[in-house]
>>> print(open('run-v1.cif').read())   # mmCIF, C-alpha atoms and all ligand atoms
data_coords
#
loop_
_atom_site.label_atom_id
_atom_site.label_comp_id
_atom_site.auth_asym_id
_atom_site.auth_seq_id
_atom_site.Cartn_x
_atom_site.Cartn_y
_atom_site.Cartn_z
CA MET A 1 17.37 5.86 10.75
CA MET A 2 15.27 3.14 9.17
CA ASN A 3 17.10 0.48 7.21
CA PRO A 4 14.78 -0.70 4.44
CA MET A 5 15.77 -4.28 5.23
CA ASP A 6 14.67 -3.96 8.87
CA GLU A 7 11.68 -6.00 9.92
CA LEU A 8 8.43 -4.02 9.71
CA ARG A 9 7.75 -2.51 13.13
CA PRO A 10 5.29 0.38 13.02
CA PRO A 11 4.67 2.21 16.31
CA THR A 12 1.41 1.46 18.12
CA ARG A 13 -0.49 4.71 17.88
CA LEU A 14 -3.82 5.76 19.28
CA MET A 15 -5.48 7.39 16.29
CA LEU A 16 -7.73 10.24 17.37
CA THR A 17 -7.74 11.69 13.87
CA PRO A 18 -10.55 12.27 11.37
CA GLY A 19 -9.44 8.95 9.86
CA PRO A 20 -8.02 6.43 9.83
CA SER A 21 -9.26 5.38 13.25
CA SER A 22 -7.65 2.64 15.32
CA ILE A 23 -8.98 -0.84 14.58
CA SER A 24 -10.04 -3.74 16.79
CA PRO A 25 -7.77 -6.79 17.30
CA ARG A 26 -10.61 -8.77 15.74
CA VAL A 27 -10.15 -6.80 12.51
CA TYR A 28 -6.38 -7.41 12.54
CA ARG A 29 -7.09 -11.13 12.84
CA ALA A 30 -9.49 -11.01 9.90
CA LEU A 31 -6.82 -9.26 7.81
CA ALA A 32 -4.41 -12.11 8.45
CA SER A 33 -6.86 -14.82 7.28
CA PRO A 34 -5.78 -17.04 4.35
CA LEU A 35 -6.13 -15.49 0.94
CA VAL A 36 -8.53 -17.11 -1.55
CA GLY A 37 -9.27 -16.24 -5.16
CA HIS A 38 -11.79 -13.60 -6.09
CA VAL A 39 -14.00 -16.11 -7.96
CA ASP A 40 -13.50 -18.95 -5.48
CA PRO A 41 -17.05 -20.24 -4.79
CA TRP A 42 -16.42 -19.86 -1.07
CA PHE A 43 -15.49 -16.23 -1.58
CA THR A 44 -18.33 -15.38 -3.96
CA GLU A 45 -20.79 -16.69 -1.36
CA PHE A 46 -18.99 -14.76 1.40
CA MET A 47 -19.38 -11.57 -0.68
CA GLY A 48 -23.16 -11.92 -0.39
CA GLY A 49 -22.85 -11.86 3.39
CA VAL A 50 -20.66 -8.76 3.24
CA GLN A 51 -23.30 -7.01 1.13
CA ASP A 52 -26.02 -8.09 3.54
CA LEU A 53 -24.18 -6.55 6.51
CA MET A 54 -23.48 -3.42 4.48
CA ARG A 55 -27.19 -3.00 3.72
CA ARG A 56 -27.90 -3.18 7.44
CA VAL A 57 -25.28 -0.57 8.26
CA PHE A 58 -26.69 1.77 5.58
CA GLN A 59 -30.25 0.79 6.61
CA THR A 60 -31.30 0.03 3.07
CA GLN A 61 -32.83 -2.69 0.95
CA ASN A 62 -30.92 -1.50 -2.14
CA HIS A 63 -29.66 -4.42 -4.22
CA THR A 64 -26.74 -2.33 -5.46
CA THR A 65 -24.71 -2.14 -2.27
CA TYR A 66 -21.04 -3.10 -2.24
CA PRO A 67 -17.57 -1.92 -1.22
CA ILE A 68 -15.79 -0.01 -3.98
CA SER A 69 -12.11 -0.99 -4.28
CA ALA A 70 -10.90 2.52 -3.45
CA SER A 71 -10.71 4.99 -0.57
CA GLY A 72 -13.58 7.34 0.27
CA SER A 73 -12.66 9.64 -2.61
CA GLY A 74 -13.37 6.69 -4.93
CA GLY A 75 -16.90 6.81 -3.54
CA ILE A 76 -17.19 10.43 -4.64
CA GLU A 77 -15.91 9.48 -8.11
CA THR A 78 -18.27 6.54 -8.46
CA ALA A 79 -21.35 8.47 -7.36
CA VAL A 80 -20.66 11.43 -9.62
CA VAL A 81 -19.20 9.79 -12.74
CA ASN A 82 -22.08 7.35 -13.06
CA VAL A 83 -24.86 9.94 -13.05
CA ILE A 84 -23.24 12.88 -14.86
CA GLU A 85 -23.31 13.08 -18.65
CA PRO A 86 -21.39 15.90 -20.33
CA GLY A 87 -23.26 19.21 -20.00
CA ASP A 88 -25.44 18.13 -17.07
CA GLU A 89 -25.92 20.64 -14.27
CA ALA A 90 -25.42 19.79 -10.61
CA ILE A 91 -25.61 21.58 -7.28
CA VAL A 92 -23.01 20.81 -4.62
CA CYS A 93 -23.34 22.15 -1.08
CA VAL A 94 -19.84 23.29 -0.16
CA ASN A 95 -18.90 23.91 3.47
CA GLY A 96 -15.42 22.40 3.56
CA ILE A 97 -12.70 20.53 1.71
CA PHE A 98 -14.56 17.26 1.16
CA SER A 99 -17.80 18.71 -0.13
CA ALA A 100 -15.65 20.89 -2.43
CA ARG A 101 -14.02 17.70 -3.70
CA MET A 102 -17.41 16.46 -4.93
CA ALA A 103 -17.82 19.68 -6.93
CA ASP A 104 -14.31 19.27 -8.40
CA VAL A 105 -15.01 15.68 -9.43
CA ALA A 106 -18.26 16.71 -11.13
CA GLU A 107 -16.38 19.37 -13.11
CA CYS A 108 -13.76 16.80 -14.13
CA VAL A 109 -16.48 14.79 -15.87
CA GLY A 110 -17.97 17.78 -17.67
CA ALA A 111 -20.78 18.91 -15.39
CA LYS A 112 -21.77 22.52 -14.99
CA VAL A 113 -21.51 22.79 -11.22
CA HIS A 114 -23.32 25.32 -9.05
CA ARG A 115 -21.52 25.56 -5.72
CA VAL A 116 -23.80 26.67 -2.91
CA SER A 117 -21.49 27.63 -0.09
CA ALA A 118 -21.61 28.23 3.63
CA PRO A 119 -18.82 29.72 5.74
CA PHE A 120 -16.61 26.98 7.18
CA GLY A 121 -18.03 25.80 10.48
CA ARG A 122 -21.64 26.17 9.33
CA THR A 123 -24.17 24.18 7.31
CA VAL A 124 -25.43 25.23 3.89
CA ASP A 125 -28.89 26.82 3.87
CA PRO A 126 -31.35 24.63 1.90
CA GLU A 127 -33.08 27.85 0.83
CA ASP A 128 -29.91 28.84 -1.06
CA VAL A 129 -30.02 25.49 -2.88
CA ARG A 130 -33.64 26.09 -3.84
CA ARG A 131 -32.68 29.51 -5.26
CA ALA A 132 -29.66 28.13 -7.14
CA GLY A 133 -31.74 25.42 -8.78
CA LYS A 134 -34.74 27.52 -9.72
CA GLY A 135 -35.59 27.20 -13.43
CA ARG A 136 -32.68 24.83 -14.09
CA LYS A 137 -32.51 21.15 -14.90
CA ILE A 138 -30.39 19.80 -12.06
CA LYS A 139 -29.08 16.23 -12.20
CA PHE A 140 -28.11 15.93 -8.57
CA VAL A 141 -27.83 17.80 -5.32
CA GLY A 142 -24.72 16.66 -3.43
CA LEU A 143 -23.62 17.21 0.15
CA ALA A 144 -21.30 15.86 2.80
CA HIS A 145 -23.35 14.55 5.74
CA GLY A 146 -20.30 15.03 7.94
CA GLU A 147 -17.82 17.67 6.72
CA THR A 148 -14.62 16.36 8.27
CA SER A 149 -12.49 19.41 7.49
CA THR A 150 -14.58 21.63 9.76
CA GLY A 151 -16.40 19.21 12.06
CA VAL A 152 -19.92 20.03 10.82
CA VAL A 153 -22.91 17.70 10.46
CA THR A 154 -25.72 18.54 8.03
CA ARG A 155 -29.34 17.46 8.55
CA ILE A 156 -30.32 15.77 5.32
CA GLU A 157 -34.12 16.07 5.30
CA ALA A 158 -34.48 19.63 3.97
CA PHE A 159 -32.09 18.88 1.09
CA ARG A 160 -34.19 15.85 0.10
CA THR A 161 -37.21 18.13 -0.06
CA VAL A 162 -35.40 20.62 -2.30
CA ALA A 163 -33.96 17.87 -4.51
CA ASP A 164 -37.52 16.54 -4.95
CA GLU A 165 -38.73 19.97 -5.99
CA LEU A 166 -35.91 20.22 -8.53
CA GLY A 167 -36.41 16.68 -9.81
CA ALA A 168 -32.80 16.00 -8.84
CA LEU A 169 -31.04 13.02 -7.31
CA LEU A 170 -29.64 13.36 -3.80
CA ILE A 171 -26.02 12.21 -3.35
CA VAL A 172 -24.73 12.02 0.20
CA ASP A 173 -21.10 11.62 1.29
CA SER A 174 -21.31 9.67 4.55
CA VAL A 175 -17.58 8.89 4.77
CA ALA A 176 -17.29 10.50 8.20
CA THR A 177 -20.71 9.52 9.53
CA LEU A 178 -21.72 5.96 8.59
CA ALA A 179 -22.01 3.86 11.78
CA GLY A 180 -21.18 6.89 13.97
CA VAL A 181 -24.04 9.31 13.31
CA PRO A 182 -27.75 8.53 12.71
CA LEU A 183 -28.24 7.78 9.02
CA ASP A 184 -31.04 5.80 7.39
CA VAL A 185 -30.64 5.64 3.62
CA ASP A 186 -34.10 4.30 2.80
CA ARG A 187 -36.07 6.42 5.24
CA GLU A 188 -34.19 9.57 4.19
CA ARG A 189 -34.58 8.56 0.52
CA ILE A 190 -30.95 9.09 -0.40
CA ASP A 191 -30.38 8.07 -4.02
CA ILE A 192 -26.65 7.40 -3.77
CA CYS A 193 -24.79 7.19 -0.48
CA PHE A 194 -21.14 6.25 -0.06
CA SER A 195 -18.73 6.00 2.83
CA GLY A 196 -15.18 4.99 3.73
CA SER A 197 -13.86 1.93 5.51
CA GLN A 198 -11.41 3.73 7.79
CA LYS A 199 -13.61 6.11 9.73
CA ALA A 200 -16.47 5.09 12.06
CA ILE A 201 -16.57 1.55 10.64
CA SER A 202 -12.96 1.12 11.80
CA ALA A 203 -11.55 -1.11 9.08
CA PRO A 204 -8.28 -0.23 7.32
CA PRO A 205 -8.41 2.44 4.60
CA GLY A 206 -8.92 1.38 1.00
CA MET A 207 -12.59 0.54 0.58
CA SER A 208 -15.63 2.71 0.02
CA PRO A 209 -19.04 1.20 0.80
CA ILE A 210 -21.69 2.50 -1.60
CA THR A 211 -25.42 2.01 -2.04
CA VAL A 212 -27.55 3.05 -5.02
CA ASN A 213 -31.33 2.80 -5.20
CA ALA A 214 -33.18 1.02 -8.00
CA SER A 215 -34.53 4.11 -9.75
CA THR A 216 -31.07 5.68 -9.91
CA GLU A 217 -29.60 2.45 -11.24
CA LYS A 218 -32.24 2.45 -13.96
CA LEU A 219 -31.28 6.00 -14.85
CA ILE A 220 -27.62 5.00 -15.07
CA ARG A 221 -28.41 2.03 -17.31
CA ALA A 222 -30.36 4.34 -19.62
CA ARG A 223 -27.44 6.77 -20.15
CA LYS A 224 -26.92 8.09 -23.68
CA THR A 225 -23.15 8.35 -23.24
CA LYS A 226 -20.64 5.94 -21.78
CA VAL A 227 -19.58 6.38 -18.16
CA GLN A 228 -16.27 8.28 -18.28
CA SER A 229 -14.47 5.77 -16.09
CA TRP A 230 -13.92 2.12 -16.80
CA TYR A 231 -12.92 1.24 -13.24
CA PHE A 232 -15.81 2.98 -11.47
CA ASP A 233 -18.62 2.14 -13.92
CA LEU A 234 -21.04 0.57 -11.51
CA THR A 235 -23.13 -1.21 -14.12
CA THR A 236 -20.11 -3.37 -15.02
CA VAL A 237 -18.74 -3.60 -11.46
CA MET A 238 -22.17 -4.95 -10.54
CA ASN A 239 -21.59 -7.87 -12.90
CA TYR A 240 -19.19 -8.96 -10.17
CA TRP A 241 -21.00 -7.72 -7.05
CA GLY A 242 -24.42 -8.57 -8.55
CA ASN A 243 -25.80 -12.04 -9.18
CA SER A 244 -23.39 -13.34 -11.78
CA ARG A 245 -20.10 -12.79 -9.86
CA MET A 246 -18.36 -12.23 -13.19
CA TYR A 247 -14.79 -10.95 -13.03
CA HIS A 248 -14.43 -7.18 -13.37
CA HIS A 249 -11.28 -6.38 -11.39
CA THR A 250 -9.52 -8.19 -8.56
CA PRO A 251 -10.86 -6.68 -5.34
CA PRO A 252 -8.71 -6.26 -2.19
CA ILE A 253 -9.81 -9.58 -0.71
CA SER A 254 -8.05 -9.13 2.64
CA LEU A 255 -9.67 -5.74 3.09
CA ILE A 256 -13.04 -7.31 2.40
CA TYR A 257 -12.35 -9.78 5.22
CA ALA A 258 -11.50 -6.82 7.43
CA ILE A 259 -14.57 -4.72 6.62
CA HIS A 260 -16.75 -7.79 7.15
CA GLU A 261 -15.41 -8.20 10.68
CA ALA A 262 -15.63 -4.46 11.35
CA MET A 263 -19.29 -4.40 10.28
CA ARG A 264 -20.00 -7.45 12.46
CA ILE A 265 -18.65 -5.46 15.40
CA VAL A 266 -20.83 -2.44 14.51
CA LEU A 267 -23.98 -4.58 14.22
CA GLU A 268 -23.28 -6.59 17.37
CA GLU A 269 -23.20 -3.33 19.29
CA GLY A 270 -26.22 -2.06 17.35
CA LEU A 271 -26.41 1.08 15.25
CA GLU A 272 -28.38 3.06 17.83
CA ALA A 273 -25.95 2.11 20.57
CA SER A 274 -23.01 3.05 18.37
CA TRP A 275 -24.53 6.45 17.53
CA ALA A 276 -25.19 7.09 21.24
CA ARG A 277 -21.63 6.11 22.16
CA HIS A 278 -20.15 8.49 19.60
CA ARG A 279 -22.41 11.28 20.83
CA GLN A 280 -21.62 10.68 24.52
CA ASN A 281 -17.89 10.49 24.06
CA GLN A 282 -17.85 13.69 22.06
CA LEU A 283 -19.98 15.50 24.64
CA ALA A 284 -17.53 14.45 27.34
CA LEU A 285 -14.60 15.61 25.22
CA ILE A 286 -16.28 18.97 24.69
CA ALA A 287 -17.11 19.33 28.39
CA GLY A 288 -13.45 18.65 29.19
CA LEU A 289 -12.08 21.07 26.62
CA GLU A 290 -14.42 23.86 27.68
CA ALA A 291 -13.53 23.34 31.35
CA MET A 292 -9.88 23.82 30.32
CA GLY A 293 -10.80 27.11 28.66
CA ILE A 294 -10.39 25.78 25.13
CA GLY A 295 -12.88 26.88 22.47
CA LEU A 296 -14.60 25.03 19.64
CA PHE A 297 -14.70 26.01 15.98
CA VAL A 298 -18.36 25.12 15.38
CA GLN A 299 -20.48 27.53 17.40
CA ASN A 300 -23.90 25.91 17.08
CA PRO A 301 -23.90 22.72 19.21
CA ALA A 302 -26.51 21.14 16.89
CA ASP A 303 -24.09 21.48 13.93
CA ARG A 304 -21.21 19.65 15.66
CA LEU A 305 -20.24 16.41 13.95
CA PRO A 306 -20.15 13.71 16.68
CA THR A 307 -17.22 11.87 15.07
CA VAL A 308 -14.84 14.83 14.54
CA THR A 309 -14.43 17.80 16.86
CA ALA A 310 -12.84 20.96 15.49
CA VAL A 311 -10.95 22.69 18.29
CA THR A 312 -9.66 26.28 18.31
CA VAL A 313 -5.98 26.29 19.27
CA PRO A 314 -5.55 28.48 22.38
CA ASN A 315 -3.82 31.84 21.87
CA GLY A 316 -0.05 31.71 22.12
CA ILE A 317 0.11 27.93 21.69
CA ASP A 318 2.15 26.42 18.84
CA SER A 319 -0.36 23.99 17.34
CA VAL A 320 2.19 21.95 15.39
CA LYS A 321 4.47 21.56 18.41
CA VAL A 322 1.61 20.28 20.56
CA ARG A 323 0.63 17.73 17.92
CA ALA A 324 4.23 16.60 17.61
CA ARG A 325 4.47 16.10 21.38
CA LEU A 326 1.21 14.16 21.46
CA LEU A 327 2.61 11.87 18.79
CA ASN A 328 6.23 11.52 19.85
CA ASP A 329 5.84 11.49 23.63
CA PHE A 330 2.43 9.84 23.98
CA ASN A 331 1.75 7.94 20.74
CA ILE A 332 -1.47 9.86 20.17
CA GLU A 333 -2.22 11.28 16.75
CA ILE A 334 -4.66 14.14 16.20
CA SER A 335 -4.90 16.32 13.08
CA GLY A 336 -4.37 19.97 12.37
CA GLY A 337 -6.71 22.17 10.41
CA LEU A 338 -6.72 22.14 6.63
CA GLY A 339 -5.85 25.09 4.40
CA ASP A 340 -6.30 28.42 6.15
CA TYR A 341 -6.84 26.69 9.48
CA LYS A 342 -3.54 24.82 9.59
CA ALA A 343 -2.16 26.75 12.56
CA THR A 344 -5.36 27.63 14.37
CA MET A 345 -7.34 24.40 14.45
CA TRP A 346 -6.95 20.90 15.82
CA ARG A 347 -9.28 18.17 14.68
CA VAL A 348 -9.89 15.37 17.15
CA GLY A 349 -11.56 12.26 15.81
CA LEU A 350 -13.49 9.89 18.05
CA MET A 351 -14.53 7.34 15.49
CA GLY A 352 -15.40 3.68 15.69
CA TYR A 353 -12.90 1.72 17.78
CA SER A 354 -11.20 4.98 18.81
CA SER A 355 -14.41 6.34 20.34
CA GLN A 356 -13.95 5.03 23.88
CA ARG A 357 -14.35 6.69 27.28
CA ALA A 358 -10.81 5.80 28.32
CA ASN A 359 -9.43 7.50 25.20
CA VAL A 360 -11.32 10.72 25.97
CA LEU A 361 -9.91 10.83 29.52
CA LEU A 362 -6.40 9.92 28.37
CA PHE A 363 -6.41 12.59 25.67
CA LEU A 364 -7.62 15.33 28.03
CA ASP A 365 -5.02 14.38 30.63
CA VAL A 366 -2.15 14.34 28.15
CA LEU A 367 -3.27 17.55 26.46
CA GLU A 368 -3.41 19.29 29.85
CA ARG A 369 0.12 18.13 30.66
CA ILE A 370 1.47 19.45 27.35
CA LEU A 371 -0.39 22.78 27.53
CA LEU A 372 0.89 23.37 31.09
CA ASP A 373 4.42 22.71 29.83
CA GLU A 374 3.80 25.21 27.05
CA GLY A 375 2.96 27.84 29.62
CA MET A 376 -0.82 27.95 29.28
CA LYS A 377 -2.66 28.87 32.47
CA LEU A 378 -5.47 26.42 33.05
CA PRO A 379 -7.29 24.96 36.06
CA VAL A 380 -5.44 21.71 36.77
CA GLY A 381 -7.64 18.63 36.64
CA ALA A 382 -10.73 20.55 35.52
CA GLY A 383 -10.87 18.95 32.07
CA ILE A 384 -10.86 15.37 33.30
CA ALA A 385 -13.32 16.21 36.07
CA ALA A 386 -15.76 17.78 33.62
CA ALA A 387 -15.50 14.83 31.22
CA ALA A 388 -15.99 12.35 34.06
CA GLY A 389 -19.02 14.36 35.17
CA SER A 390 -20.41 14.27 31.67
CA PHE A 391 -20.07 10.48 31.61
CA ALA A 392 -21.73 10.20 35.01
CA HIS A 393 -24.80 11.98 33.68
CA ALA A 394 -24.87 10.16 30.34
CA GLU A 395 -27.86 8.04 29.38
CA PRO A 396 -27.07 4.33 29.71
CA VAL A 397 -26.40 2.87 26.27
CA ALA A 398 -28.23 -0.38 25.61
CA ALA A 399 -25.80 -2.75 23.92
CA GLY A 400 -26.42 -5.68 21.63
CA GLN A 401 -29.39 -4.31 19.73
CA GLY A 402 -27.93 -5.39 16.42
CA LYS A 403 -30.50 -5.52 13.65
C1 LIG B 501 -12.08 11.21 4.68
C2 LIG B 501 -13.17 11.76 3.85
C3 LIG B 501 -13.18 11.64 2.46
C4 LIG B 501 -12.03 11.09 1.66
O1 LIG B 501 -11.75 9.79 1.97
P1 LIG B 501 -10.35 9.14 1.52
O2 LIG B 501 -10.48 7.77 2.08
O3 LIG B 501 -9.28 9.96 2.16
O4 LIG B 501 -10.29 9.16 0.05
C5 LIG B 501 -14.28 12.12 1.76
N1 LIG B 501 -15.31 12.70 2.40
C6 LIG B 501 -15.32 12.85 3.73
C7 LIG B 501 -16.50 13.49 4.39
C8 LIG B 501 -14.25 12.39 4.50
O5 LIG B 501 -14.28 12.54 5.83
#
>>> encode(input="run-v1.cif", output="structure tokens", more="lines below")
Ligand SMILES: *Cc1c(COP(=O)(O)O)cnc(C)c1O
Amino acid sequence: MMNPMDELRPPTRLMLTPGPSSISPRVYRALASPLVGHVDPWFTEFMGGVQDLMRRVFQTQNHTTYPISASGSGGIETAVVNVIEPGDEAIVCVNGIFSARMADVAECVGAKVHRVSAPFGRTVDPEDVRRAGKGRKIKFVGLAHGETSTGVVTRIEAFRTVADELGALLIVDSVATLAGVPLDVDRERIDICFSGSQKAISAPPGMSPITVNASTEKLIRARKTKVQSWYFDLTTVMNYWGNSRMYHHTPPISLIYAIHEAMRIVLEEGLEASWARHRQNQLALIAGLEAMGIGLFVQNPADRLPTVTAVTVPNGIDSVKVRARLLNDFNIEISGGLGDYKATMWRVGLMGYSSQRANVLLFLDVLERILLDEGMKLPVGAGIAAAAGSFAHAEPVAAGQGK
């Protein structure tokens, strides 16, 4: 039993979840740096550097780019609450729990939401969005670039085209993709894009990077009604993160140190190199799983989210028991499925600092051990061999192309 007066001693876990991911020792060191005040001139200058790195990670020139003092869901709130005025109509592409959350948030602030759905494990058809928006005045089209609940990645381009046709903004949830999956905010003309600190960026949870382009900011400043959130109103938050550095709320200063260091690590490696690493490690994981006779939830390889792999639990295997053994016997955390998929799906995250070759091989080895114990018949050693083979054939990743 834990005594509340005991010294803090969390276990050292390897987090192969859809977030949070494990973080680098460099990020732990940044977290432990001396606290300063939020309007200390040293800090307000440092904030500019943080925003500069964040623009590079998002690949944008947008002035309005900063970390929201909230988890990824705070990014959803900020994006939606700032553009929606009561009675506005919006289209949200729903193919999992997180894209559904964007629709829920929009309803909370009085939008009439049209949900355009796809079966879980698939991407929404842009043609369905076009149909849903026909003849309507749509404020925004929203989607999750990476739908973490089902392990699906959506190609953004076609949705930009439809949003243009509808005269709508495009809002993209990149919580599970930023720094791990190709994403270029300016080239893809995303109006509002937000992410989370604890996924492929590999900082602790609690911050949500966001970027908003100039035309959208103008639209927000011209609202007829007040933004229905004081905390997330980006026009006033930008008094602090903009040029004047005027107090709005006290941000989590230590977390800002941490995300700064985490973004330095991302940019030292280079975005392209990071994307390639995430891709390669997932392909090796998939090769290993398939060699063990384990199936994947997302059937179309092109729809598989490189950062989160949705795995079908083999017949006759107790999914919760396997996860408990991974955690208790081997200090490895993976996630189960959400909702209807609780018992039948595992979700394995290979994000940021967690996305390493050694982790892929370790996970496959340990999983094999546990499944053999549970009575599953599988070819011993085949998983590791297939993953190692996948690595042997992988394209070399050029490091240090930080932009
Ligand atoms: C994790 C996640 C969120 C929610 O982030 P929190 O930090 O848990 O609030 C939202 N969208 C996607 C795609 C996610 O993966």
>>> atom_distance(input="run-v1.cif", atom1="CA of Thr236 (chain A)", atom2="atom C5 of ligand LIG 501 (chain B)")
23.6 Å
>>> closest_residue(input="run-v1.cif", among="A:Val129, A:Ile253, A:Ala392, A:Ala386", to="Gly288 (chain A)", atoms="only C-alpha atoms")
A:Ala386
>>> axis_aligned_box(input="run-v1.cif", around="ligand LIG 501 (chain B)", padding_each_side="3 Å", output="AutoDock Vina command-line options")
--center_x -12.9 --center_y 10.6 --center_z 2.9 --size_x 13.2 --size_y 11.7 --size_z 11.8
>>> residues_near_ligand(input="run-v1.cif", ligand="ligand LIG 501 (chain B)", cutoff="6 Å", atoms="all atoms listed in the file", output="number ranges by chain")
A: 71-73, 98, 144, 146-148, 173, 175-176, 196
>>> closest_residue(input="run-v1.cif", among="A:Thr12, A:Ser335, A:Gln280, A:Thr225", to="Gly349 (chain A)", atoms="only C-alpha atoms")
A:Ser335
>>> closest_atom_pairs(input="run-v1.cif", of="region 236-262 of chain A", to="region 24-28 of chain A", cutoff="9 Å", atoms="all atoms listed in the file", output="CSV")
residue,atom,partner,partner_atom,distance
A:Tyr257,CA,A:Val27,CA,8.2
A:Ala258,CA,A:Val27,CA,5.3
A:Ile259,CA,A:Val27,CA,7.7
A:His260,CA,A:Val27,CA,8.6
A:Glu261,CA,A:Val27,CA,5.7
A:Ala262,CA,A:Val27,CA,6.1
>>> write_last_selection(input="run-v1.cif", atoms="C-alpha atoms", output="PDB file, keeping the file's coordinate frame")
ATOM      1  CA  TYR A 257     -12.350  -9.780   5.220  1.00  0.00           C
ATOM      2  CA  ALA A 258     -11.500  -6.820   7.430  1.00  0.00           C
ATOM      3  CA  ILE A 259     -14.570  -4.720   6.620  1.00  0.00           C
ATOM      4  CA  HIS A 260     -16.750  -7.790   7.150  1.00  0.00           C
ATOM      5  CA  GLU A 261     -15.410  -8.200  10.680  1.00  0.00           C
ATOM      6  CA  ALA A 262     -15.630  -4.460  11.350  1.00  0.00           C
TER       7      ALA A 262
END
>>> closest_residue(input="run-v1.cif", among="A:Leu296, A:Ile23, A:Ile138, A:Val266", to="Ala310 (chain A)", atoms="all atoms listed in the file")
A:Leu296
>>> closest_residue(input="run-v1.cif", among="A:Leu14, A:Leu283, A:Leu219, A:Ile210", to="Asn331 (chain A)", atoms="only C-alpha atoms")
A:Leu14
>>> closest_residue(input="run-v1.cif", among="A:Gly167, A:Pro306, A:Gly49, A:Gly295", to="Met345 (chain A)", atoms="all atoms listed in the file")
A:Gly295
